[in-house]
file run-v4.cif (mmCIF, C-alpha atoms)
data_run
loop_
_atom_site.label_atom_id
_atom_site.label_comp_id
_atom_site.auth_asym_id
_atom_site.auth_seq_id
_atom_site.Cartn_x
_atom_site.Cartn_y
_atom_site.Cartn_z
CA MET A 1 34.47 20.25 0.31
CA THR A 2 30.95 21.15 -0.79
CA TYR A 3 28.71 23.60 1.03
CA LEU A 4 26.59 20.74 2.35
CA ASP A 5 29.70 18.99 3.73
CA GLN A 6 30.65 22.18 5.54
CA LEU A 7 27.14 22.55 6.91
CA ARG A 8 27.14 18.92 8.05
CA ASN A 9 30.42 19.43 9.90
CA GLU A 10 29.24 22.64 11.50
CA LEU A 11 25.98 21.05 12.64
CA ALA A 12 27.99 18.21 14.20
CA ARG A 13 30.28 20.75 15.89
CA VAL A 14 27.34 22.40 17.66
CA GLY A 15 25.89 19.04 18.66
CA ILE A 16 23.02 18.72 16.16
CA ARG A 17 22.91 15.12 15.02
CA GLY A 18 20.59 12.35 13.90
CA GLY A 19 17.20 13.09 12.38
CA GLN A 20 17.38 16.79 13.10
CA ARG A 21 20.63 17.19 11.18
CA ALA A 22 19.39 14.99 8.34
CA ARG A 23 16.29 17.15 7.95
CA ILE A 24 18.29 20.39 7.90
CA LEU A 25 20.68 18.99 5.31
CA ALA A 26 17.85 17.66 3.12
CA GLU A 27 16.10 21.01 3.14
CA ALA A 28 19.39 22.81 2.45
CA ALA A 29 20.13 20.44 -0.45
CA ASP A 30 16.74 21.14 -2.02
CA HIS A 31 17.13 24.88 -1.51
CA ILE A 32 20.64 25.00 -2.94
CA ALA A 33 19.63 22.92 -5.96
CA GLU A 34 17.09 25.63 -6.75
CA GLY A 35 18.86 28.82 -5.71
CA GLY A 36 22.58 28.10 -5.24
CA ALA A 37 24.73 28.09 -2.13
CA GLU A 38 26.03 31.67 -2.42
CA GLU A 39 23.07 33.28 -0.70
CA PHE A 40 22.26 30.47 1.72
CA GLY A 41 24.50 31.94 4.39
CA ASP A 42 27.71 31.08 6.23
CA PRO A 43 27.43 27.42 7.36
CA ARG A 44 29.02 28.15 10.74
CA GLU A 45 26.60 30.99 11.50
CA LEU A 46 23.62 29.01 10.26
CA ALA A 47 24.51 25.95 12.36
CA GLN A 48 24.93 28.19 15.40
CA LEU A 49 21.56 29.81 14.73
CA PHE A 50 19.91 26.39 14.80
CA ALA A 51 21.88 25.38 17.90
CA ASP A 52 21.02 28.53 19.87
CA GLU A 53 17.30 27.94 19.39
CA LEU A 54 17.40 24.17 19.84
CA ALA A 55 19.54 24.38 22.97
CA THR A 56 17.07 26.80 24.55
CA GLN A 57 14.11 24.61 23.74
CA GLU A 58 15.69 21.29 24.64
CA THR A 59 17.32 22.43 27.90
CA THR A 60 14.05 23.96 29.05
CA ARG A 61 12.14 20.84 28.08
CA ALA A 62 14.69 18.66 29.88
CA ALA A 63 14.08 20.68 33.05
CA TYR A 64 10.32 20.10 32.80
CA PHE A 65 10.87 16.40 32.14
CA ALA A 66 13.20 16.19 35.14
CA PHE A 67 10.67 17.94 37.34
CA ALA A 68 7.97 15.45 36.34
CA ALA A 69 10.35 12.54 37.03
CA LEU A 70 11.26 14.05 40.40
CA ALA A 71 7.59 14.49 41.27
CA LEU A 72 6.95 10.83 40.48
CA ALA A 73 9.97 9.66 42.45
CA GLY A 74 9.09 12.07 45.26
CA ALA A 75 5.57 10.65 45.54
CA GLY A 76 6.95 7.11 45.80
CA PHE A 77 9.61 8.23 48.25
CA GLY A 78 7.02 10.00 50.40
CA LEU A 79 4.88 6.87 50.51
CA GLY A 80 7.86 4.77 51.54
CA TRP A 81 8.95 7.34 54.09
CA HIS A 82 5.49 7.25 55.61
CA GLN A 83 5.54 3.47 55.73
CA LEU A 84 9.07 2.97 57.11
CA VAL A 85 9.60 6.01 59.30
CA LEU A 86 6.44 7.85 60.29
CA ARG A 87 4.18 4.85 60.75
CA SER A 88 6.70 3.18 63.03
CA HIS A 89 7.14 6.32 65.17
CA GLY A 90 10.56 7.46 64.10
CA GLY A 91 11.74 4.37 62.27
CA ALA A 92 14.44 1.94 63.17
CA ASP A 93 16.83 2.20 66.09
CA ILE A 94 20.02 3.52 64.49
CA THR A 95 22.14 0.78 66.08
CA SER A 96 19.97 -2.06 64.72
CA ALA A 97 21.50 -1.92 61.23
CA ALA A 98 23.28 -4.93 59.81
CA PHE A 99 26.21 -2.58 59.06
CA VAL A 100 25.89 0.45 61.32
CA PRO A 101 28.16 2.86 59.35
CA VAL A 102 26.19 2.08 56.17
CA GLY A 103 22.95 2.53 58.06
CA ILE A 104 24.02 5.92 59.42
CA VAL A 105 25.13 7.17 56.00
CA ALA A 106 21.86 5.93 54.45
CA ALA A 107 19.82 7.59 57.21
CA PHE A 108 21.69 10.88 56.74
CA ALA A 109 21.23 10.67 52.96
CA LEU A 110 17.51 9.97 53.47
CA ILE A 111 17.20 13.27 55.28
CA ALA A 112 19.63 15.49 53.36
CA CYS A 113 19.39 14.36 49.74
CA PRO A 114 15.61 14.83 49.21
CA GLN A 115 15.82 18.37 50.58
CA ILE A 116 18.71 19.32 48.29
CA SER A 117 16.98 17.64 45.36
CA PHE A 118 13.77 19.53 46.10
CA ALA A 119 15.58 22.87 46.35
CA ALA A 120 17.58 22.30 43.14
CA GLY A 121 14.46 21.04 41.31
CA LEU A 122 12.49 24.08 42.41
CA LEU A 123 15.24 26.42 41.25
CA SER A 124 15.42 24.52 37.98
CA ILE A 125 11.72 24.73 37.21
CA VAL A 126 11.53 28.39 38.19
CA ARG A 127 14.36 29.20 35.76
CA ALA A 128 12.85 26.98 33.06
CA ARG A 129 9.53 28.82 33.35
CA ARG A 130 11.32 32.11 32.93
CA LEU A 131 13.21 30.90 29.84
CA ARG A 132 10.41 29.02 28.11
CA LYS A 133 9.15 32.01 26.17
CA LEU A 134 12.56 33.10 24.98
CA ARG A 135 13.52 32.22 21.43
CA VAL A 136 17.19 32.18 22.37
CA ALA A 137 18.46 32.19 25.96
CA PRO A 138 22.07 33.04 26.85
CA ALA A 139 24.33 29.99 26.87
CA ALA A 140 25.35 30.78 30.46
CA GLU A 141 21.70 30.66 31.58
CA LEU A 142 21.18 27.33 29.86
CA GLU A 143 24.31 25.95 31.50
CA LEU A 144 23.02 27.04 34.90
CA LEU A 145 19.61 25.52 34.21
CA ALA A 146 21.23 22.22 33.15
CA ARG A 147 23.40 22.23 36.30
CA ARG A 148 20.38 22.76 38.53
CA THR A 149 18.51 19.98 36.74
CA ARG A 150 21.45 17.57 37.00
CA THR A 151 21.89 18.37 40.69
CA ALA A 152 18.20 17.80 41.40
CA LEU A 153 18.25 14.47 39.57
CA GLY A 154 21.54 13.39 41.18
CA PHE A 155 20.37 14.04 44.70
CA GLY A 156 16.96 12.59 43.84
CA ALA A 157 18.63 9.36 42.71
CA ALA A 158 20.79 9.38 45.84
CA SER A 159 17.59 9.67 47.92
CA THR A 160 15.85 6.72 46.32
CA PHE A 161 19.03 4.63 46.40
CA ALA A 162 19.55 5.50 50.08
CA PHE A 163 15.97 4.43 50.70
CA SER A 164 16.71 0.96 49.30
CA VAL A 165 19.95 0.67 51.25
CA PHE A 166 18.26 1.83 54.45
CA ALA A 167 15.47 -0.74 54.12
CA VAL A 168 17.90 -3.58 53.46
CA ASP A 169 20.36 -2.54 56.17
CA TYR A 170 17.59 -2.29 58.77
CA HIS A 171 15.83 -5.45 57.59
CA SER A 172 15.64 -6.81 61.14
CA THR A 173 13.28 -3.94 62.11
CA TYR A 174 10.67 -4.35 59.39
CA PRO A 175 8.51 -7.17 58.02
CA GLY A 176 10.09 -9.02 55.10
CA TRP A 177 7.59 -7.77 52.54
CA GLU A 178 8.28 -4.16 53.50
CA VAL A 179 12.03 -4.65 53.11
CA LEU A 180 11.51 -6.24 49.71
CA ALA A 181 9.05 -3.58 48.56
CA ALA A 182 11.25 -0.73 49.81
CA GLY A 183 14.43 -2.24 48.36
CA LEU A 184 12.98 -2.84 44.92
CA GLY A 185 10.72 0.22 45.00
CA GLY A 186 13.64 2.52 45.77
CA LEU A 187 15.58 1.17 42.83
CA ALA A 188 12.52 1.36 40.56
CA LEU A 189 12.08 5.03 41.47
CA THR A 190 15.52 5.79 40.08
CA LEU A 191 14.36 4.71 36.60
CA PRO A 192 12.35 7.87 35.74
CA LEU A 193 15.23 9.92 37.13
CA ALA A 194 17.69 8.05 34.92
CA ALA A 195 15.44 8.61 31.89
CA ALA A 196 15.26 12.33 32.65
CA ALA A 197 19.05 12.45 33.09
CA ALA A 198 19.55 10.76 29.72
CA TYR A 199 17.22 13.28 28.07
CA GLY A 200 19.12 16.11 29.75
CA ARG A 201 22.43 14.75 28.51
CA ARG A 202 21.14 14.72 24.91
CA ALA A 203 19.81 18.26 25.35
CA ALA A 204 23.15 19.46 26.71
CA ALA A 205 24.92 18.13 23.63
CA VAL A 206 23.49 21.01 21.59
CA GLN A 207 25.78 23.95 22.26
CA SER A 208 24.39 27.45 22.35
CA ALA A 209 26.76 30.39 21.97
CA ALA A 210 24.26 33.14 22.72
CA PRO A 211 25.84 35.89 24.81
CA GLY A 212 24.56 37.00 28.21
CA GLU A 213 24.98 36.31 31.91
CA ALA A 214 23.54 33.43 33.91
CA GLY A 215 22.21 35.60 36.72
CA ASP A 216 21.45 34.23 40.18
CA MET A 217 18.43 33.33 42.33
CA PHE A 218 17.41 36.98 42.58
CA ASP A 219 16.62 36.87 38.86
CA ASP A 220 14.40 33.83 39.34
CA PHE A 221 11.89 34.92 41.95
CA PRO A 222 9.31 37.64 41.38
CA VAL A 223 9.50 38.85 44.99
CA ARG A 224 12.03 41.56 45.68
CA LEU A 225 14.68 40.37 48.11
CA PRO A 226 17.79 42.18 49.27
CA ARG A 227 20.55 41.12 46.84
CA ARG A 228 22.57 39.57 49.63
CA PRO A 229 22.65 35.77 49.23
CA TRP A 230 24.01 34.91 52.65
CA LEU A 231 21.42 37.10 54.34
CA VAL A 232 18.68 35.20 52.48
CA CYS A 233 20.36 31.92 53.45
CA PHE A 234 20.43 32.82 57.14
CA GLY A 235 16.84 34.08 56.97
CA LEU A 236 15.68 30.79 55.44
CA THR A 237 17.72 28.84 57.99
CA ALA A 238 16.07 30.74 60.84
CA VAL A 239 12.57 30.02 59.47
CA LEU A 240 13.32 26.31 59.04
CA ALA A 241 14.97 26.07 62.45
CA ILE A 242 11.88 27.56 64.11
CA LEU A 243 9.64 25.11 62.23
CA PHE A 244 11.78 22.11 63.23
CA LEU A 245 12.01 23.36 66.79
CA GLY A 246 8.26 23.70 67.08
CA ALA A 247 7.48 20.39 65.37
CA ALA A 248 9.19 18.25 68.01
CA TRP A 249 9.42 20.52 71.03
CA PRO A 250 10.82 19.85 73.61
CA ASP A 251 12.25 16.38 72.93
CA GLU A 252 14.00 16.32 69.56
CA GLY A 253 13.14 19.85 68.47
CA PRO A 254 16.42 21.58 69.42
CA ARG A 255 18.54 18.77 67.93
CA ASN A 256 16.53 18.75 64.69
CA ALA A 257 16.68 22.54 64.42
CA VAL A 258 20.47 22.55 64.78
CA ALA A 259 20.87 19.67 62.31
CA GLU A 260 18.62 21.38 59.75
CA SER A 261 20.50 24.65 60.15
CA VAL A 262 23.84 22.92 59.58
CA LEU A 263 22.40 21.18 56.51
CA VAL A 264 21.00 24.37 54.94
CA ILE A 265 24.09 26.48 55.58
CA GLY A 266 26.45 23.67 54.56
CA SER A 267 24.53 23.01 51.34
CA PHE A 268 24.42 26.72 50.56
CA ALA A 269 28.18 26.96 51.03
CA ALA A 270 28.92 23.83 49.00
CA LEU A 271 26.37 24.19 46.18
CA GLY A 272 25.56 27.91 46.18
CA ARG A 273 27.65 28.80 43.16
CA ARG A 274 26.79 25.63 41.26
CA LEU A 275 23.08 26.32 41.63
CA GLY A 276 23.35 30.04 40.93
CA LEU A 277 22.27 30.98 44.44
CA ARG A 278 25.21 33.34 44.63
CA ARG A 279 27.71 34.54 42.06
CA MET B 1 17.63 46.30 4.25
CA LYS B 2 19.91 45.22 7.09
CA ALA B 3 19.35 41.62 8.18
CA GLU B 4 19.37 42.70 11.84
CA LEU B 5 16.29 44.85 11.24
CA LEU B 6 14.45 41.89 9.76
CA LYS B 7 15.30 39.37 12.47
CA GLY B 8 12.72 40.53 14.96
CA HIS B 9 9.95 40.32 12.38
CA LEU B 10 10.90 37.18 10.52
CA ASP B 11 8.29 35.02 12.26
CA SER B 12 5.47 37.33 11.20
CA LEU B 13 6.83 37.71 7.68
CA VAL B 14 7.11 33.95 7.19
CA LEU B 15 3.58 33.41 8.51
CA ALA B 16 2.31 36.11 6.15
CA ALA B 17 4.14 34.48 3.24
CA LEU B 18 2.38 31.19 4.01
CA GLU B 19 -1.03 32.75 4.50
CA VAL B 20 -2.20 32.36 0.93
CA GLU B 21 -0.82 28.93 0.12
CA PRO B 22 1.77 26.40 1.35
CA ALA B 23 5.37 26.74 0.19
CA HIS B 24 8.85 25.32 0.68
CA GLY B 25 11.74 27.35 2.10
CA TYR B 26 12.97 28.67 -1.22
CA GLY B 27 9.43 29.58 -2.22
CA ILE B 28 8.95 31.55 1.00
CA ILE B 29 12.16 33.50 0.38
CA ALA B 30 11.01 34.23 -3.17
CA ARG B 31 7.62 35.48 -1.91
CA LEU B 32 9.25 37.73 0.69
CA ARG B 33 11.48 39.24 -1.97
CA ALA B 34 8.67 39.73 -4.43
CA ARG B 35 6.22 41.22 -1.94
CA SER B 36 8.87 43.55 -0.51
CA ARG B 37 9.98 44.53 -4.05
CA ASP B 38 13.39 43.05 -3.35
CA VAL B 39 13.95 45.07 -0.18
CA PHE B 40 14.02 42.02 2.10
CA ARG B 41 17.30 40.27 1.38
CA LEU B 42 18.71 38.01 4.07
CA ALA B 43 20.90 34.92 4.18
CA GLU B 44 18.41 32.45 2.78
CA GLY B 45 19.29 29.68 5.21
CA THR B 46 18.11 31.76 8.16
CA VAL B 47 14.51 31.13 7.19
CA TYR B 48 14.84 27.46 8.20
CA PRO B 49 15.50 27.92 11.94
CA THR B 50 12.45 30.20 11.90
CA LEU B 51 10.33 27.61 10.10
CA HIS B 52 11.44 24.85 12.48
CA ARG B 53 10.61 27.00 15.49
CA LEU B 54 7.20 27.97 14.11
CA GLU B 55 6.53 24.28 13.58
CA ARG B 56 7.56 23.43 17.15
CA ASP B 57 5.19 26.16 18.35
CA GLY B 58 2.37 24.68 16.25
CA LEU B 59 2.02 27.74 14.01
CA VAL B 60 2.99 25.87 10.82
CA LYS B 61 2.97 22.25 9.76
CA SER B 62 5.18 20.57 7.21
CA ARG B 63 5.52 17.40 5.22
CA TRP B 64 7.90 15.92 2.68
CA THR B 65 6.87 15.95 -0.95
CA ALA B 66 8.68 14.98 -4.14
CA ALA B 67 9.54 17.65 -6.72
CA SER B 68 11.80 17.29 -9.76
CA GLY B 69 13.20 14.08 -8.30
CA ARG B 70 14.12 15.82 -5.04
CA ARG B 71 12.66 15.61 -1.55
CA ARG B 72 11.09 18.88 -0.60
CA ARG B 73 9.67 20.01 2.74
CA VAL B 74 6.48 22.02 2.21
CA TYR B 75 5.10 24.21 4.98
CA ARG B 76 1.55 25.37 5.58
CA ILE B 77 0.12 27.71 8.16
CA THR B 78 -2.13 26.25 10.87
CA ARG B 79 -5.22 27.76 12.46
CA SER B 80 -3.08 28.82 15.46
CA GLY B 81 -0.64 30.36 13.01
CA ARG B 82 -3.40 32.45 11.41
CA GLU B 83 -4.57 33.61 14.82
CA ALA B 84 -1.00 34.51 15.82
CA LEU B 85 -0.53 36.37 12.54
CA ALA B 86 -3.70 38.40 13.12
CA VAL B 87 -2.46 39.43 16.56
CA ARG B 88 0.98 40.34 15.22
CA ARG B 89 -0.56 42.37 12.41
CA LEU B 90 -2.52 44.38 14.91
CA GLU B 91 0.55 44.92 17.09
CA TRP B 92 2.60 45.93 14.07
CA LYS B 93 -0.02 48.47 12.94
CA GLN B 94 -0.05 50.10 16.36
CA PHE B 95 3.73 50.08 16.54
CA SER B 96 4.33 51.41 13.04
CA ARG B 97 1.72 54.14 13.51
CA ALA B 98 3.46 55.21 16.71
CA VAL B 99 6.91 55.21 15.09
CA GLU B 100 5.56 57.13 12.10
CA ALA B 101 4.00 59.70 14.41
CA VAL B 102 7.31 60.22 16.18
CA LEU B 103 9.54 60.21 13.13
CA ALA B 104 7.32 62.19 10.77
#
call {"tool": "encode", "arguments": {"input": "run-v4.cif", "output": "structure tokens"}}
result
Amino acid sequence: MTYLDQLRNELARVGIRGGQRARILAEAADHIAEGGAEEFGDPRELAQLFADELATQETTRAAYFAFAALALAGAGFGLGWHQLVLRSHGGADITSAAFVPVGIVAAFALIACPQISFAAGLLSIVRARRLRKLRVAPAAELELLARRTRTALGFGAASTFAFSVFAVDYHSTYPGWEVLAAGLGGLALTLPLAAAAAYGRRAAAVQSAAPGEAGDMFDDFPVRLPRRPWLVCFGLTAVLAILFLGAAWPDEGPRNAVAESVLVIGSFAALGRRLGLRR
Amino acid sequence: MKAELLKGHLDSLVLAALEVEPAHGYGIIARLRARSRDVFRLAEGTVYPTLHRLERDGLVKSRWTAASGRRRRVYRITRSGREALAVRRLEWKQFSRAVEAVLA
């Protein structure tokens, strides 16, 4: 097996393929033809060197791309939310769905998924901003960043899909053109999210092996907080509960505050480790 | 010289090697060796991740050329690269003066 064959295999092992690999091999072939392979370096180490840098750059870029896609989808979602829910003073009666269980799940997803997506997207972009100037970031940090990005995109897609389902299931409440626009619009909004997810999947194929820890949310924010994740969670829950309480006092305020508290604490418990909120 | 010592400065060294005229990877290695009087010896392949990164950052540009029947990627420094090199030179002078003052 020639040196170039070994280098090709090693580049494939770390996930560098296509045009990028072809370019590296072509440059290596030219170099070796002039100076020999002895001093070119160990192919495994060289491939890993490329992968460590590329993984950092591509994972960070994927997070920015995802954030832009989420912003686009979020703008469309907000417009639809305004049209279907706010403009009609609270939206459809929950029992007016064609299939009530589906309607309830869609309504719950409409409330929960965008919030989780927003939180995960925010955590993702904050970490990406911190890593963007690093030549090589630890593999564990990149894995955490990719997880946050995937979570944000997943819950973002669930939000837009739920929006379509909600509009169709409650079609008796809204004019036909609104149902059609919301149904198709919700699906269309998943397209940029799918594109960002595909980009992220390609980025994740490049495998960094740089040592180091992933850290947690306390490494992401410039403000000094007590390093006690649950305390921060309960503090945030209290702030949100007060806001929800005040926004619809006295009618639906208490109910909304309790529901929001359950959502925040439940999400923190379920996704806290995945999103690097706690270790 | 130990490769580890060079790693942190490879970007600046490569930019400096390209300052006078464009070169391909092997040519850059040869310039670094010659200008350092053979002190800078590192695994030659490690210059390529550096070149690719500098290109992504807009500090160098590259294009394929043909030489001796082979495809060859030739790199040249950009205006941003020259500006970055000037800044790094200044930082290096301050740093080396400080180290010299402590070690001397």
call {"tool": "resolve_selection", "arguments": {"input": "run-v4.cif", "expression": "the PyMOL selection byres ((chain B) within 6 of (chain A))", "output": "list in words"}}
result
Tyr26, Ala43, Glu44, Gly45 and Pro49 of chain B
call {"tool": "closest_residue", "arguments": {"input": "run-v4.cif", "among": "B:His9, B:Arg70, B:Ala30, B:Arg56", "to": "B:Glu91", "atoms": "all atoms listed in the file"}}
result
B:His9
call {"tool": "residues_near_point", "arguments": {"input": "run-v4.cif", "point": "(-0.9, 27.8, 7.1)", "cutoff": "8 Å", "atoms": "all atoms listed in the file", "output": "MDAnalysis selection string"}}
result
chainID B and resid 15 18:22 59:61 75:79 81:82
call {"tool": "atom_distance", "arguments": {"input": "run-v4.cif", "atom1": "atom CA of A:Phe99", "atom2": "atom CA of A:His171"}}
result
10.9 Å
call {"tool": "closest_residue", "arguments": {"input": "run-v4.cif", "among": "A:Ala194, A:Ile265, A:Leu7, A:Ala210", "to": "A:Leu134", "atoms": "only C-alpha atoms"}}
result
A:Ala210
call {"tool": "resolve_selection", "arguments": {"input": "run-v4.cif", "expression": "the PyMOL selection byres ((chain A and resi 130) around 12)", "output": "list in words"}}
result
Thr56, Thr60, Ala63, Leu123, Ser124, Ile125, Val126, Arg127, Ala128, Arg129, Leu131, Arg132, Lys133, Leu134, Arg135, Ala137, Glu141, Leu142, Leu145, Met217, Asp219, Asp220, Phe221 and Pro222 of chain A
call {"tool": "atom_distance", "arguments": {"input": "run-v4.cif", "atom1": "atom CA of A:Gly121", "atom2": "atom CA of A:Thr151"}}
result
7.9 Å
call {"tool": "decode", "arguments": {"input": "run-v4.cif", "residues": "stretch 109-126 of chain A", "atoms": "C-alpha atoms", "output": "PDB file, in the first residue's frame"}}
result
ATOM      1  CA  ALA A 109     -46.644  20.761  20.805  1.00  0.00           C
ATOM      2  CA  LEU A 110     -47.428  24.266  19.527  1.00  0.00           C
ATOM      3  CA  ILE A 111     -46.740  25.625  22.985  1.00  0.00           C
ATOM      4  CA  ALA A 112     -43.887  23.400  24.176  1.00  0.00           C
ATOM      5  CA  CYS A 113     -41.786  22.691  21.084  1.00  0.00           C
ATOM      6  CA  PRO A 114     -41.030  26.307  20.031  1.00  0.00           C
ATOM      7  CA  GLN A 115     -39.852  27.132  23.547  1.00  0.00           C
ATOM      8  CA  ILE A 116     -37.525  24.122  23.704  1.00  0.00           C
ATOM      9  CA  SER A 117     -36.288  24.856  20.188  1.00  0.00           C
ATOM     10  CA  PHE A 118     -35.622  28.484  21.119  1.00  0.00           C
ATOM     11  CA  ALA A 119     -33.731  27.510  24.277  1.00  0.00           C
ATOM     12  CA  ALA A 120     -31.635  24.861  22.492  1.00  0.00           C
ATOM     13  CA  GLY A 121     -30.967  27.224  19.559  1.00  0.00           C
ATOM     14  CA  LEU A 122     -29.873  29.977  21.915  1.00  0.00           C
ATOM     15  CA  LEU A 123     -27.529  27.614  23.749  1.00  0.00           C
ATOM     16  CA  SER A 124     -26.197  26.404  20.414  1.00  0.00           C
ATOM     17  CA  ILE A 125     -25.426  29.849  19.040  1.00  0.00           C
ATOM     18  CA  VAL A 126     -23.857  31.004  22.300  1.00  0.00           C
TER      19      VAL A 126
END
